[in-house]
Amino acid sequence: MSKEFLLEIGTEEIPSRFINPALEKMKELFAALLAGGRVMIDGGVLQAYGTPRRLILAVPQLAEKQQDLSKEVVGPPKKIAFDAEGKPTKAALVFAEKNGVPVEKLTIKQTDKGEYVAARIDEVGGDTAEWLRQVMPGFILSIPFPKTMRWMDKDIRFARPIHWILALYGGAVIPFELGGIKSGNFSRGHRFMSPGAFLVKDLKSYQAQAEPNFFVIDPQVRKQRIVKQTAELALAKNGMVLEDQGLVDEVSNLVEYPVPVMGSFNKEFLRVPKEVLITAMREHQRYFSVVDQQGNLLPHFITISNTRAEDMDVVRAGNERVLTARLSDAAYFFDHDVKAPLADRVEGLKKVTYQEKLGTIHDKLERVKKLSISLAAVLGADAKVAERAAQLCKADLLTGIVGEFPKLQGVMGRHYALLSGEGPAVADAILEHYQPRFAGDTLPASLVGACVGIADRIDTITGCFAVGLVPSGSEDPYGLRRQSVAILSVLFDRNKRLSLSVLIAGACAGLGLKKDNALRVQSETLDFMRQRLAGMLVSEGLRSDVVDAALSVNFDDPLIAKEKVRALDLWRTSEDYRPLVTALKRAGNIVPKGFSGVVNEGLLKQDEEKNLYASFAQIKDRVAEKTATLDFRGALADIASLRKPVDAFFDKVMVMDKDASVKENRLALLAGITGLFSRIADFSRLVLSSEETT
C-alpha cells in the first residue's frame with residue numbers, strides 16, 4: 001500500500017535566484033532521505049514546485065512502511081574479540097552494544113583475512129508516517145541556500161522566515177514542530193489578493209485551489225504565461241518582446257501570480273543608444289523591452305506585476321514615472337560622455353589601477369597595443385587599425401554610462417568611437433575584443449577584433465601567473481580559465497595557426513619579467529592553455545586519454561594540436577590500433593629512458609628484425625614529412641603499416657640478447673619505431689580497455 005506525500009514550506013519572499021537551486025536540492029535530498037530510510041516510491045515521480053513564498057514537494061505514492069532490514073556487520077578479529085578462554089573482551093562487548101545485539105548472539109565469520117566477529121542485524125520496517133514525523137524538521141533545515149537568516153527569537157535558520165508548514169501523508173497531517181511553527185493542513189493564498197488560509201486535503205485539492213487564491217505553483221507555467229502574455233501586449237503595439245530568457249527565468253520567480261502591464265516612455269529617449277535603454281530597463285526595473293520587426297527599440301516596455309490591482313492604470317503610471325527617472329539619468333550620462341572624444345579619456349587611465357603589482361590600466365593598454373601589432377602581422381590583420389583599437393579599447397571605462405552599467409563596456413566604446421570620428425573598423429574592434437564574454441557568445445566578426453581580444457586576454461593571463469594569481473580548485477577570481485577558452489575559441493573560429501609559446505613570450509616581455517621568472521610563467525601559462533584545450537576537446541566527446549596523449553607532445557599551436565587529436569581519435573577505430581599500441585607500449589617499457597642509438601644493419605641476425613627494420617626505413621622519412629606538413633592521419637596510417645612486422649618481431653626475437661651489441665642494436669630499432677609515434681602523441685598515455693575491440 002502507498003499514500004500521497006505533500007509538503008509546503010510557506011515563507012516570506014525568497015530571492016529569485018535561490019528558488020530553482022533550492023527545488024533541485026529538495027528533490028535530491030529527499031530522494032537520499034527516502035533511500036536511507038528504506039522508504040520506496042511506489043508510483044509517480046518526486047516533484048518540486050516553488051514560488052517566492054512557498055517551496056513544495058510532492059510524491060504521488062509513497063510506501064506506507066519502511067522496508068525490513070537484514071544485514072551482517074563484520075567487527076574485530078576473533079582473537080581480539082575473545083580471550084584464550086573464549087570469553088568476550090571489551091572489544092566484543094563494545095561491538096555488540098554498538099549494533100544492538102546481545103554478545104552471545106555474535107557469530108564467527110571466515111574471511112580472506114582470517115576469522116572475524118560478525119553480528120546479524122534484523123530490523124522490521126516501521127510506519128512511514130512516524131518516520132516522516134521524525135525526519136521532516138531536519139529535512140527542511142537541510143535545504144541549502146546561498147545565504148540564510150535567523151528571525152525573532154528563533155534558533156533556526158532558513159532563506160527567509162517561515163510562516164506556515166503544510167505537511168500531509170495520505171491526507172493526514174504529519175505532526176511536528178519547527179521553530180515554534182506547528183505543521184498542519186492549511187495553506188495560504190496570495191499575500192495581497194487572497195491572504196487567508198484554506199484547507200488542503202491532497203495535492204489535487206491544493207492545485208485546484210491555487211489559481212482561485214492567486215498563485216501559480218509551477219515555475220514553468222509562470223514562465224509560459226509571461227512569454228505568452230507579454231507577446232500579446234507587444235503585438236498590440238505592432239512590436240515584439242526582445243528575447244531575454246534570463247529575464248524570464250528571473251521574473252518568473254519574483255512573482256506568484258504574473259500580471260503583465262504595458263507602459264510607455266518619451267520618444268526623445270530613443271536618441272540614446274538602445275543598449276543603454278534596454279540595460280536600464282532590465283537591470284534597474286526588470287522590464288521587458290519592445291522592438292519592431294527590424295530590431296529597433298520602440299518607446300514601450302512591459303513589466304510583470306505580482307498583483308492585479310483594481311485600477312491597473314495606476315500601476316502603469318507608477319512604473320512609467322519610475323522609468324522616466326531612470327532613463328533621464330541614463331540620457332544625462334550619455335550627453336555628458338559625448339562632450340569629449342573617446343581618445344581624450346585614454347590619459348585618464350593612468351590614474352586607474354589595473355592590479356597592484358601590474359600597474360595601471362594605461363600600462364596594460366601599452367602592453368596590449370604592442371601585442372596587437374605583433375598578432376596582426378602573424379594573423380594577417382591591419383596592424384595600424386589594431387594599434388588604434390588597442391589604444392582605445394579600455395577608454396570607455398571612464399565614461400558615465402559604463403560606470404553605471406559596467407556590462408556595457410565595449411558596447412559604449414564602439415558608440416563613442418564612432419561619435420568621435422574613429423573608423424568603423426576601429427569601433428567594431430573595440431566592441432569585439434571583449435567577445436566572447438561567455439560560453440556560446442558571439443565571436444569577433446573582424447580579424448582586428450580577434451587580435452586585440454587575444455592580446456588583452458594573454459596579457460591578463462600571463463600577468464596573473466607572474467604575480468601568483470593562479471586559479472586553484474573552483475576559485476578563479478580573474479576568470480583566467482574563461483579567457484583561455486576564449487583565445488582558443490577565437491583561433492578555431494578564424495582557423496588561424498598561432499604559436500602560443502611565441503605569444504606568451506611576447507606577453508612576458510611586455511611585463512618586463514626577468515629571465516628565470518619569464519621561463520616559469522611561460523611554462524605554467526602554456527600548460528594552463530593545454531589543460532583548457534583538453535577540457536574543450538573532451539567536452540566535444542573525444543576520449544580523455546586520446547586528448548591527453550596528443551596534447552602531451554609538442555603542444556604549441558592549438559590548431560595543430562586539435563588536428564592531432566582528431567587524427568588519433570579516428571585511428572583509434574582502425575583494426576591496427578589496439579595491437580600496435582600494445583606493442584608500442586611494450587617497446588616503450590623495454591627501451592630505457594634516455595636511450596639513444598643507431599641501428600647497425602650488419603648486426604641484424606633474424607629475418608623478423610631485418611623485415612621490421614626494412615619496413616621502418618621505408619616509412620621513416622615519409623612519416624617525418626607528413627608530420628611536418630600536418631598530415632597526421634597519413635602519418636598514422638604509415639605507422640600502422642608496421643603492425644605485422646612488429647608483431648612478428650616480438651613473437652620471434654629476444655631483445656635482451658646475451659650479446660650486448662646485438663641487444664643495443666635491437667633497442668635502437670625499437671627506439672626508432674617508438675620515436676616515430678612520439679612525434680605525434682605519447683602512446684604511454686593511451687588507455688586500452690575492453691572498448692577497443694576493433
# chains A, B, ... in the order shown; residues from 1 in each chain; ligands from 1
call {"tool": "closest_atom_pairs", "arguments": {"of": "range 381-419 of chain A", "to": "range 337-348 of chain A", "cutoff": "10 Å", "atoms": "only C-alpha atoms", "output": "CSV"}}
result
residue,atom,partner,partner_atom,distance
A:Arg388,CA,A:Ala343,CA,9.7
A:Gln391,CA,A:Val346,CA,7.6
A:Leu392,CA,A:Ala343,CA,6.3
A:Cys393,CA,A:Val346,CA,9.2
A:Lys394,CA,A:Val346,CA,7.7
A:Ala395,CA,A:Val346,CA,5.2
A:Asp396,CA,A:Leu342,CA,7.0
A:Leu397,CA,A:Arg345,CA,8.8
A:Leu398,CA,A:Arg345,CA,6.8
A:Thr399,CA,A:Asp337,CA,5.8
A:Gly400,CA,A:Asp337,CA,6.3
A:Ile401,CA,A:Asp337,CA,7.7
A:Val402,CA,A:Asp337,CA,9.9
A:Met412,CA,A:Asp337,CA,9.9
A:Gly413,CA,A:Leu342,CA,7.7
A:Arg414,CA,A:Leu342,CA,9.6
A:His415,CA,A:Val338,CA,9.5
A:Tyr416,CA,A:Leu342,CA,6.0
A:Ala417,CA,A:Leu342,CA,5.9
A:Leu418,CA,A:Leu342,CA,9.2
A:Leu419,CA,A:Val338,CA,7.4
call {"tool": "select_by_dssp", "arguments": {"residues": "range 295-416 of chain A", "states": "strand (DSSP E or B)", "output": "PyMOL selection string"}}
result
chain A and resi 297-305+353-355+359-360
call {"tool": "write_last_selection", "arguments": {"atoms": "C-alpha atoms", "output": "PDB file, in the first residue's frame"}}
result
ATOM      1  CA  LEU A 297      13.603  49.761 -29.925  1.00  0.00           C
ATOM      2  CA  LEU A 298      10.052  51.053 -29.521  1.00  0.00           C
ATOM      3  CA  PRO A 299       9.050  53.530 -26.774  1.00  0.00           C
ATOM      4  CA  HIS A 300       7.239  50.846 -24.800  1.00  0.00           C
ATOM      5  CA  PHE A 301       8.063  48.399 -22.041  1.00  0.00           C
ATOM      6  CA  ILE A 302       6.340  45.547 -20.230  1.00  0.00           C
ATOM      7  CA  THR A 303       6.584  44.939 -16.510  1.00  0.00           C
ATOM      8  CA  ILE A 304       5.315  41.885 -14.645  1.00  0.00           C
ATOM      9  CA  SER A 305       3.294  42.821 -11.613  1.00  0.00           C
ATOM     10  CA  THR A 353      44.943  50.847 -11.069  1.00  0.00           C
ATOM     11  CA  TYR A 354      44.611  47.614 -13.008  1.00  0.00           C
ATOM     12  CA  GLN A 355      46.279  45.430 -10.418  1.00  0.00           C
ATOM     13  CA  GLY A 359      50.335  48.777 -12.814  1.00  0.00           C
ATOM     14  CA  THR A 360      47.557  50.898 -14.243  1.00  0.00           C
TER      15      THR A 360
END
call {"tool": "residues_around", "arguments": {"residues": "Val290 in chain A", "least_positions_apart": "4", "cutoff": "10 Å", "atoms": "only C-alpha atoms", "output": "list of chain:residue names"}}
result
A:Thr230, A:Ala231, A:Leu233, A:Ala234, A:Leu235, A:Lys237, A:Asn238, A:Gly239, A:Met240, A:Val241, A:Leu242, A:Glu243, A:Met262, A:Ser264, A:Ile278, A:Gly295, A:Asn296, A:Leu297, A:Leu298, A:Pro299, A:His300, A:Phe301, A:Ile302
call {"tool": "residues_around", "arguments": {"residues": "range 247-259 of chain A", "least_positions_apart": "6", "cutoff": "7 Å", "atoms": "only C-alpha atoms", "output": "ChimeraX atom specification"}}
result
/A:16-17,51-52,214-216,219,222-223,226,304-308
call {"tool": "write_last_selection", "arguments": {"atoms": "C-alpha atoms", "output": "short mmCIF file (atom, residue, chain, number, x, y, z; two decimals), in the first residue's frame"}}
result
data_model
loop_
_atom_site.label_atom_id
_atom_site.label_comp_id
_atom_site.auth_asym_id
_atom_site.auth_seq_id
_atom_site.Cartn_x
_atom_site.Cartn_y
_atom_site.Cartn_z
CA SER A 16 14.54 34.77 -7.09
CA ARG A 17 17.98 33.26 -7.62
CA THR A 51 7.10 30.47 -5.79
CA PRO A 52 8.73 33.33 -3.90
CA PHE A 214 -3.94 33.81 -6.96
CA PHE A 215 -0.72 31.81 -7.05
CA VAL A 216 0.81 29.50 -9.65
CA PRO A 219 7.67 27.93 -12.29
CA ARG A 222 4.56 31.02 -14.82
CA LYS A 223 7.26 31.33 -17.49
CA ILE A 226 4.83 35.54 -19.02
CA ILE A 304 5.32 41.89 -14.65
CA SER A 305 3.29 42.82 -11.61
CA ASN A 306 2.63 40.40 -8.77
CA THR A 307 -0.80 41.90 -8.11
CA ARG A 308 -3.89 42.54 -10.20
#
call {"tool": "closest_residue", "arguments": {"among": "A:Ala386, A:Leu542, A:Ala91, A:Leu323", "to": "Asp456 in chain A", "atoms": "only C-alpha atoms"}}
result
A:Ala386
call {"tool": "closest_residue", "arguments": {"among": "A:Glu97, A:Glu275, A:Asp363, A:Asp459", "to": "Ala509 in chain A", "atoms": "only C-alpha atoms"}}
result
A:Asp459
call {"tool": "residues_around", "arguments": {"residues": "Ala96 in chain A", "least_positions_apart": "4", "cutoff": "9 Å", "atoms": "only C-alpha atoms", "output": "list of chain:residue names"}}
result
A:Gly75, A:Ala91, A:Ala92, A:Gly100, A:Val101, A:Pro102, A:Val103, A:Glu104, A:Lys105, A:Leu106, A:Ala119
call {"tool": "select_by_dssp", "arguments": {"residues": "range 106-173 of chain A", "states": "alpha helix (DSSP H)", "output": "ChimeraX atom specification"}}
result
/A:128-142
call {"tool": "residues_around", "arguments": {"residues": "Arg679 in chain A", "least_positions_apart": "5", "cutoff": "12 Å", "atoms": "only C-alpha atoms", "output": "PDB file with N, CA and C atoms, in the first residue's frame"}}
result
ATOM      1  N   ALA A 549      47.137  12.133 -24.675  1.00  0.00           N
ATOM      2  CA  ALA A 549      48.290  11.602 -25.403  1.00  0.00           C
ATOM      3  C   ALA A 549      48.751  12.566 -26.493  1.00  0.00           C
ATOM      4  N   ALA A 550      47.793  13.126 -27.233  1.00  0.00           N
ATOM      5  CA  ALA A 550      48.148  14.013 -28.344  1.00  0.00           C
ATOM      6  C   ALA A 550      48.682  15.353 -27.852  1.00  0.00           C
ATOM      7  N   LEU A 551      48.086  15.892 -26.798  1.00  0.00           N
ATOM      8  CA  LEU A 551      48.494  17.221 -26.319  1.00  0.00           C
ATOM      9  C   LEU A 551      49.761  17.175 -25.468  1.00  0.00           C
ATOM     10  N   SER A 552      50.209  15.990 -25.121  1.00  0.00           N
ATOM     11  CA  SER A 552      51.418  15.879 -24.295  1.00  0.00           C
ATOM     12  C   SER A 552      52.700  15.960 -25.118  1.00  0.00           C
ATOM     13  N   VAL A 553      52.555  15.994 -26.422  1.00  0.00           N
ATOM     14  CA  VAL A 553      53.730  16.021 -27.302  1.00  0.00           C
ATOM     15  C   VAL A 553      53.708  17.287 -28.162  1.00  0.00           C
ATOM     16  N   ASN A 554      54.754  18.078 -28.035  1.00  0.00           N
ATOM     17  CA  ASN A 554      54.950  19.258 -28.885  1.00  0.00           C
ATOM     18  C   ASN A 554      53.725  20.173 -28.924  1.00  0.00           C
ATOM     19  N   PHE A 555      53.113  20.417 -27.770  1.00  0.00           N
ATOM     20  CA  PHE A 555      51.953  21.297 -27.752  1.00  0.00           C
ATOM     21  C   PHE A 555      52.403  22.748 -27.883  1.00  0.00           C
ATOM     22  N   ALA A 561      47.349  21.059 -32.685  1.00  0.00           N
ATOM     23  CA  ALA A 561      47.043  20.135 -31.600  1.00  0.00           C
ATOM     24  C   ALA A 561      45.660  19.515 -31.789  1.00  0.00           C
ATOM     25  N   LYS A 564      45.788  16.903 -34.486  1.00  0.00           N
ATOM     26  CA  LYS A 564      46.435  15.682 -33.994  1.00  0.00           C
ATOM     27  C   LYS A 564      45.451  14.831 -33.208  1.00  0.00           C
ATOM     28  N   LYS A 620      60.073   5.835 -42.515  1.00  0.00           N
ATOM     29  CA  LYS A 620      60.622   6.810 -41.572  1.00  0.00           C
ATOM     30  C   LYS A 620      60.576   8.230 -42.122  1.00  0.00           C
ATOM     31  N   VAL A 623      56.948   9.480 -42.769  1.00  0.00           N
ATOM     32  CA  VAL A 623      56.236   9.897 -41.555  1.00  0.00           C
ATOM     33  C   VAL A 623      56.708  11.280 -41.112  1.00  0.00           C
ATOM     34  N   ALA A 624      58.013  11.499 -41.178  1.00  0.00           N
ATOM     35  CA  ALA A 624      58.560  12.803 -40.784  1.00  0.00           C
ATOM     36  C   ALA A 624      58.021  13.909 -41.688  1.00  0.00           C
ATOM     37  N   GLU A 625      57.949  13.623 -42.987  1.00  0.00           N
ATOM     38  CA  GLU A 625      57.459  14.620 -43.942  1.00  0.00           C
ATOM     39  C   GLU A 625      55.980  14.916 -43.710  1.00  0.00           C
ATOM     40  N   LYS A 626      55.186  13.867 -43.499  1.00  0.00           N
ATOM     41  CA  LYS A 626      53.751  14.064 -43.291  1.00  0.00           C
ATOM     42  C   LYS A 626      53.477  14.769 -41.970  1.00  0.00           C
ATOM     43  N   THR A 627      54.267  14.459 -40.970  1.00  0.00           N
ATOM     44  CA  THR A 627      54.103  15.138 -39.683  1.00  0.00           C
ATOM     45  C   THR A 627      54.428  16.617 -39.825  1.00  0.00           C
ATOM     46  N   ALA A 628      55.466  16.915 -40.580  1.00  0.00           N
ATOM     47  CA  ALA A 628      55.871  18.313 -40.777  1.00  0.00           C
ATOM     48  C   ALA A 628      54.825  19.094 -41.550  1.00  0.00           C
ATOM     49  N   LEU A 630      51.656  18.471 -41.369  1.00  0.00           N
ATOM     50  CA  LEU A 630      50.439  18.356 -40.561  1.00  0.00           C
ATOM     51  C   LEU A 630      49.461  17.303 -41.085  1.00  0.00           C
ATOM     52  N   PHE A 632      48.647  14.337 -40.172  1.00  0.00           N
ATOM     53  CA  PHE A 632      48.775  13.359 -39.089  1.00  0.00           C
ATOM     54  C   PHE A 632      48.031  12.069 -39.403  1.00  0.00           C
ATOM     55  N   ALA A 635      50.340  10.130 -41.587  1.00  0.00           N
ATOM     56  CA  ALA A 635      51.478   9.633 -40.813  1.00  0.00           C
ATOM     57  C   ALA A 635      51.070   8.437 -39.969  1.00  0.00           C
ATOM     58  N   LEU A 636      49.904   8.493 -39.340  1.00  0.00           N
ATOM     59  CA  LEU A 636      49.441   7.373 -38.524  1.00  0.00           C
ATOM     60  C   LEU A 636      49.136   6.152 -39.380  1.00  0.00           C
ATOM     61  N   ILE A 639      52.454   4.556 -39.978  1.00  0.00           N
ATOM     62  CA  ILE A 639      52.915   3.868 -38.761  1.00  0.00           C
ATOM     63  C   ILE A 639      52.138   2.567 -38.566  1.00  0.00           C
ATOM     64  N   GLY A 672      63.744   3.714 -32.424  1.00  0.00           N
ATOM     65  CA  GLY A 672      63.412   4.424 -33.658  1.00  0.00           C
ATOM     66  C   GLY A 672      61.933   4.325 -33.983  1.00  0.00           C
ATOM     67  N   ILE A 673      61.355   3.153 -33.771  1.00  0.00           N
ATOM     68  CA  ILE A 673      59.934   2.944 -34.074  1.00  0.00           C
ATOM     69  C   ILE A 673      59.048   3.728 -33.108  1.00  0.00           C
ATOM     70  N   THR A 674      59.357   3.634 -31.811  1.00  0.00           N
ATOM     71  CA  THR A 674      58.561   4.398 -30.837  1.00  0.00           C
ATOM     72  C   THR A 674      58.735   5.897 -31.051  1.00  0.00           C
TER      73      THR A 674
END
call {"tool": "closest_residue", "arguments": {"among": "A:Arg520, A:Lys407, A:Arg321, A:Arg120", "to": "Ala505 in chain A", "atoms": "only C-alpha atoms"}}
result
A:Arg520
call {"tool": "atom_distance", "arguments": {"atom1": "CA of Asp244 in chain A", "atom2": "CA of Ala22 in chain A"}}
result
22.9 Å
call {"tool": "closest_residue", "arguments": {"among": "A:Arg188, A:Arg643, A:Arg133, A:Lys514", "to": "Asp576 in chain A", "atoms": "only C-alpha atoms"}}
result
A:Arg643
call {"tool": "atom_distance", "arguments": {"atom1": "CA of Ala35 in chain A", "atom2": "CA of Phe139 in chain A"}}
result
13.5 Å
call {"tool": "closest_residue", "arguments": {"among": "A:Leu203, A:Leu7, A:Val227, A:Leu686", "to": "Ser183 in chain A", "atoms": "only C-alpha atoms"}}
result
A:Leu7
call {"tool": "atom_distance", "arguments": {"atom1": "CA of Glu387 in chain A", "atom2": "CA of Gly423 in chain A"}}
result
12.8 Å
call {"tool": "residues_around", "arguments": {"residues": "Leu669 in chain A", "least_positions_apart": "6", "cutoff": "12 Å", "atoms": "only C-alpha atoms", "output": "JSON, numbers by chain"}}
result
{"A": [587, 588, 590, 591, 595, 596, 597, 598, 599, 600, 601, 603, 604, 608, 609, 610, 611, 612, 613, 614, 615, 616, 617, 620, 646, 649, 655, 662, 663, 675, 676]}
call {"tool": "write_last_selection", "arguments": {"atoms": "N, CA and C atoms", "output": "PDB file, in the first residue's frame"}}
result
ATOM      1  N   ALA A 587      57.294  -1.964 -26.221  1.00  0.00           N
ATOM      2  CA  ALA A 587      58.611  -1.459 -26.630  1.00  0.00           C
ATOM      3  C   ALA A 587      59.053  -0.320 -25.726  1.00  0.00           C
ATOM      4  N   GLY A 588      58.095   0.544 -25.380  1.00  0.00           N
ATOM      5  CA  GLY A 588      58.428   1.668 -24.509  1.00  0.00           C
ATOM      6  C   GLY A 588      58.892   1.226 -23.139  1.00  0.00           C
ATOM      7  N   ILE A 590      60.507  -1.567 -22.601  1.00  0.00           N
ATOM      8  CA  ILE A 590      61.803  -2.246 -22.748  1.00  0.00           C
ATOM      9  C   ILE A 590      62.935  -1.248 -22.936  1.00  0.00           C
ATOM     10  N   VAL A 591      62.696  -0.241 -23.769  1.00  0.00           N
ATOM     11  CA  VAL A 591      63.753   0.729 -24.076  1.00  0.00           C
ATOM     12  C   VAL A 591      63.995   1.625 -22.857  1.00  0.00           C
ATOM     13  N   PHE A 595      67.494   6.493 -23.750  1.00  0.00           N
ATOM     14  CA  PHE A 595      68.351   5.654 -24.609  1.00  0.00           C
ATOM     15  C   PHE A 595      68.469   6.278 -25.999  1.00  0.00           C
ATOM     16  N   SER A 596      69.642   6.235 -26.555  1.00  0.00           N
ATOM     17  CA  SER A 596      69.855   6.682 -27.931  1.00  0.00           C
ATOM     18  C   SER A 596      70.820   5.728 -28.614  1.00  0.00           C
ATOM     19  N   GLY A 597      70.591   5.465 -29.851  1.00  0.00           N
ATOM     20  CA  GLY A 597      71.457   4.553 -30.598  1.00  0.00           C
ATOM     21  C   GLY A 597      71.073   4.521 -32.056  1.00  0.00           C
ATOM     22  N   VAL A 598      71.968   4.031 -32.873  1.00  0.00           N
ATOM     23  CA  VAL A 598      71.741   3.931 -34.318  1.00  0.00           C
ATOM     24  C   VAL A 598      71.784   2.465 -34.717  1.00  0.00           C
ATOM     25  N   VAL A 599      70.855   2.058 -35.551  1.00  0.00           N
ATOM     26  CA  VAL A 599      70.774   0.660 -35.973  1.00  0.00           C
ATOM     27  C   VAL A 599      71.927   0.330 -36.918  1.00  0.00           C
ATOM     28  N   ASN A 600      72.615  -0.757 -36.630  1.00  0.00           N
ATOM     29  CA  ASN A 600      73.679  -1.290 -37.480  1.00  0.00           C
ATOM     30  C   ASN A 600      73.095  -2.476 -38.228  1.00  0.00           C
ATOM     31  N   GLU A 601      72.885  -2.305 -39.538  1.00  0.00           N
ATOM     32  CA  GLU A 601      72.252  -3.378 -40.312  1.00  0.00           C
ATOM     33  C   GLU A 601      73.038  -4.674 -40.244  1.00  0.00           C
ATOM     34  N   LEU A 603      74.312  -6.048 -37.771  1.00  0.00           N
ATOM     35  CA  LEU A 603      74.045  -6.800 -36.542  1.00  0.00           C
ATOM     36  C   LEU A 603      72.633  -7.380 -36.499  1.00  0.00           C
ATOM     37  N   LEU A 604      71.863  -7.154 -37.563  1.00  0.00           N
ATOM     38  CA  LEU A 604      70.520  -7.724 -37.624  1.00  0.00           C
ATOM     39  C   LEU A 604      70.619  -9.176 -38.062  1.00  0.00           C
ATOM     40  N   GLU A 608      62.976 -11.598 -38.842  1.00  0.00           N
ATOM     41  CA  GLU A 608      61.928 -10.732 -38.307  1.00  0.00           C
ATOM     42  C   GLU A 608      62.463  -9.332 -37.997  1.00  0.00           C
ATOM     43  N   GLU A 609      63.679  -9.261 -37.468  1.00  0.00           N
ATOM     44  CA  GLU A 609      64.218  -7.929 -37.170  1.00  0.00           C
ATOM     45  C   GLU A 609      64.690  -7.240 -38.452  1.00  0.00           C
ATOM     46  N   LYS A 610      65.130  -8.021 -39.415  1.00  0.00           N
ATOM     47  CA  LYS A 610      65.512  -7.432 -40.693  1.00  0.00           C
ATOM     48  C   LYS A 610      64.282  -6.853 -41.401  1.00  0.00           C
ATOM     49  N   ASN A 611      63.177  -7.640 -41.385  1.00  0.00           N
ATOM     50  CA  ASN A 611      61.950  -7.175 -42.029  1.00  0.00           C
ATOM     51  C   ASN A 611      61.401  -5.922 -41.343  1.00  0.00           C
ATOM     52  N   LEU A 612      61.478  -5.915 -40.016  1.00  0.00           N
ATOM     53  CA  LEU A 612      60.978  -4.752 -39.272  1.00  0.00           C
ATOM     54  C   LEU A 612      61.811  -3.522 -39.601  1.00  0.00           C
ATOM     55  N   TYR A 613      63.129  -3.695 -39.667  1.00  0.00           N
ATOM     56  CA  TYR A 613      63.985  -2.548 -39.969  1.00  0.00           C
ATOM     57  C   TYR A 613      63.717  -2.045 -41.387  1.00  0.00           C
ATOM     58  N   ALA A 614      63.507  -2.983 -42.327  1.00  0.00           N
ATOM     59  CA  ALA A 614      63.241  -2.578 -43.709  1.00  0.00           C
ATOM     60  C   ALA A 614      61.941  -1.788 -43.805  1.00  0.00           C
ATOM     61  N   SER A 615      60.918  -2.263 -43.073  1.00  0.00           N
ATOM     62  CA  SER A 615      59.632  -1.555 -43.075  1.00  0.00           C
ATOM     63  C   SER A 615      59.771  -0.185 -42.427  1.00  0.00           C
ATOM     64  N   PHE A 616      60.533  -0.134 -41.341  1.00  0.00           N
ATOM     65  CA  PHE A 616      60.761   1.122 -40.635  1.00  0.00           C
ATOM     66  C   PHE A 616      61.504   2.121 -41.528  1.00  0.00           C
ATOM     67  N   ALA A 617      62.558   1.637 -42.202  1.00  0.00           N
ATOM     68  CA  ALA A 617      63.355   2.509 -43.067  1.00  0.00           C
ATOM     69  C   ALA A 617      62.525   3.051 -44.233  1.00  0.00           C
ATOM     70  N   LYS A 620      60.073   5.835 -42.515  1.00  0.00           N
ATOM     71  CA  LYS A 620      60.622   6.810 -41.572  1.00  0.00           C
ATOM     72  C   LYS A 620      60.576   8.230 -42.122  1.00  0.00           C
ATOM     73  N   VAL A 646      56.012  -5.695 -36.539  1.00  0.00           N
ATOM     74  CA  VAL A 646      56.254  -5.514 -35.107  1.00  0.00           C
ATOM     75  C   VAL A 646      55.793  -6.743 -34.338  1.00  0.00           C
ATOM     76  N   PHE A 649      58.211  -9.499 -34.866  1.00  0.00           N
ATOM     77  CA  PHE A 649      59.452  -9.224 -34.134  1.00  0.00           C
ATOM     78  C   PHE A 649      59.328  -9.686 -32.685  1.00  0.00           C
ATOM     79  N   VAL A 655      64.863  -9.496 -27.433  1.00  0.00           N
ATOM     80  CA  VAL A 655      65.530  -8.196 -27.446  1.00  0.00           C
ATOM     81  C   VAL A 655      66.771  -8.219 -26.571  1.00  0.00           C
ATOM     82  N   VAL A 662      74.281  -6.807 -29.946  1.00  0.00           N
ATOM     83  CA  VAL A 662      73.021  -7.193 -30.577  1.00  0.00           C
ATOM     84  C   VAL A 662      71.852  -6.593 -29.804  1.00  0.00           C
ATOM     85  N   LYS A 663      71.949  -6.663 -28.461  1.00  0.00           N
ATOM     86  CA  LYS A 663      70.893  -6.102 -27.624  1.00  0.00           C
ATOM     87  C   LYS A 663      70.755  -4.597 -27.873  1.00  0.00           C
ATOM     88  N   GLY A 675      59.908   6.287 -31.517  1.00  0.00           N
ATOM     89  CA  GLY A 675      60.162   7.697 -31.781  1.00  0.00           C
ATOM     90  C   GLY A 675      59.285   8.250 -32.888  1.00  0.00           C
ATOM     91  N   LEU A 676      58.956   7.395 -33.873  1.00  0.00           N
ATOM     92  CA  LEU A 676      58.065   7.826 -34.952  1.00  0.00           C
ATOM     93  C   LEU A 676      56.723   8.273 -34.387  1.00  0.00           C
TER      94      LEU A 676
END
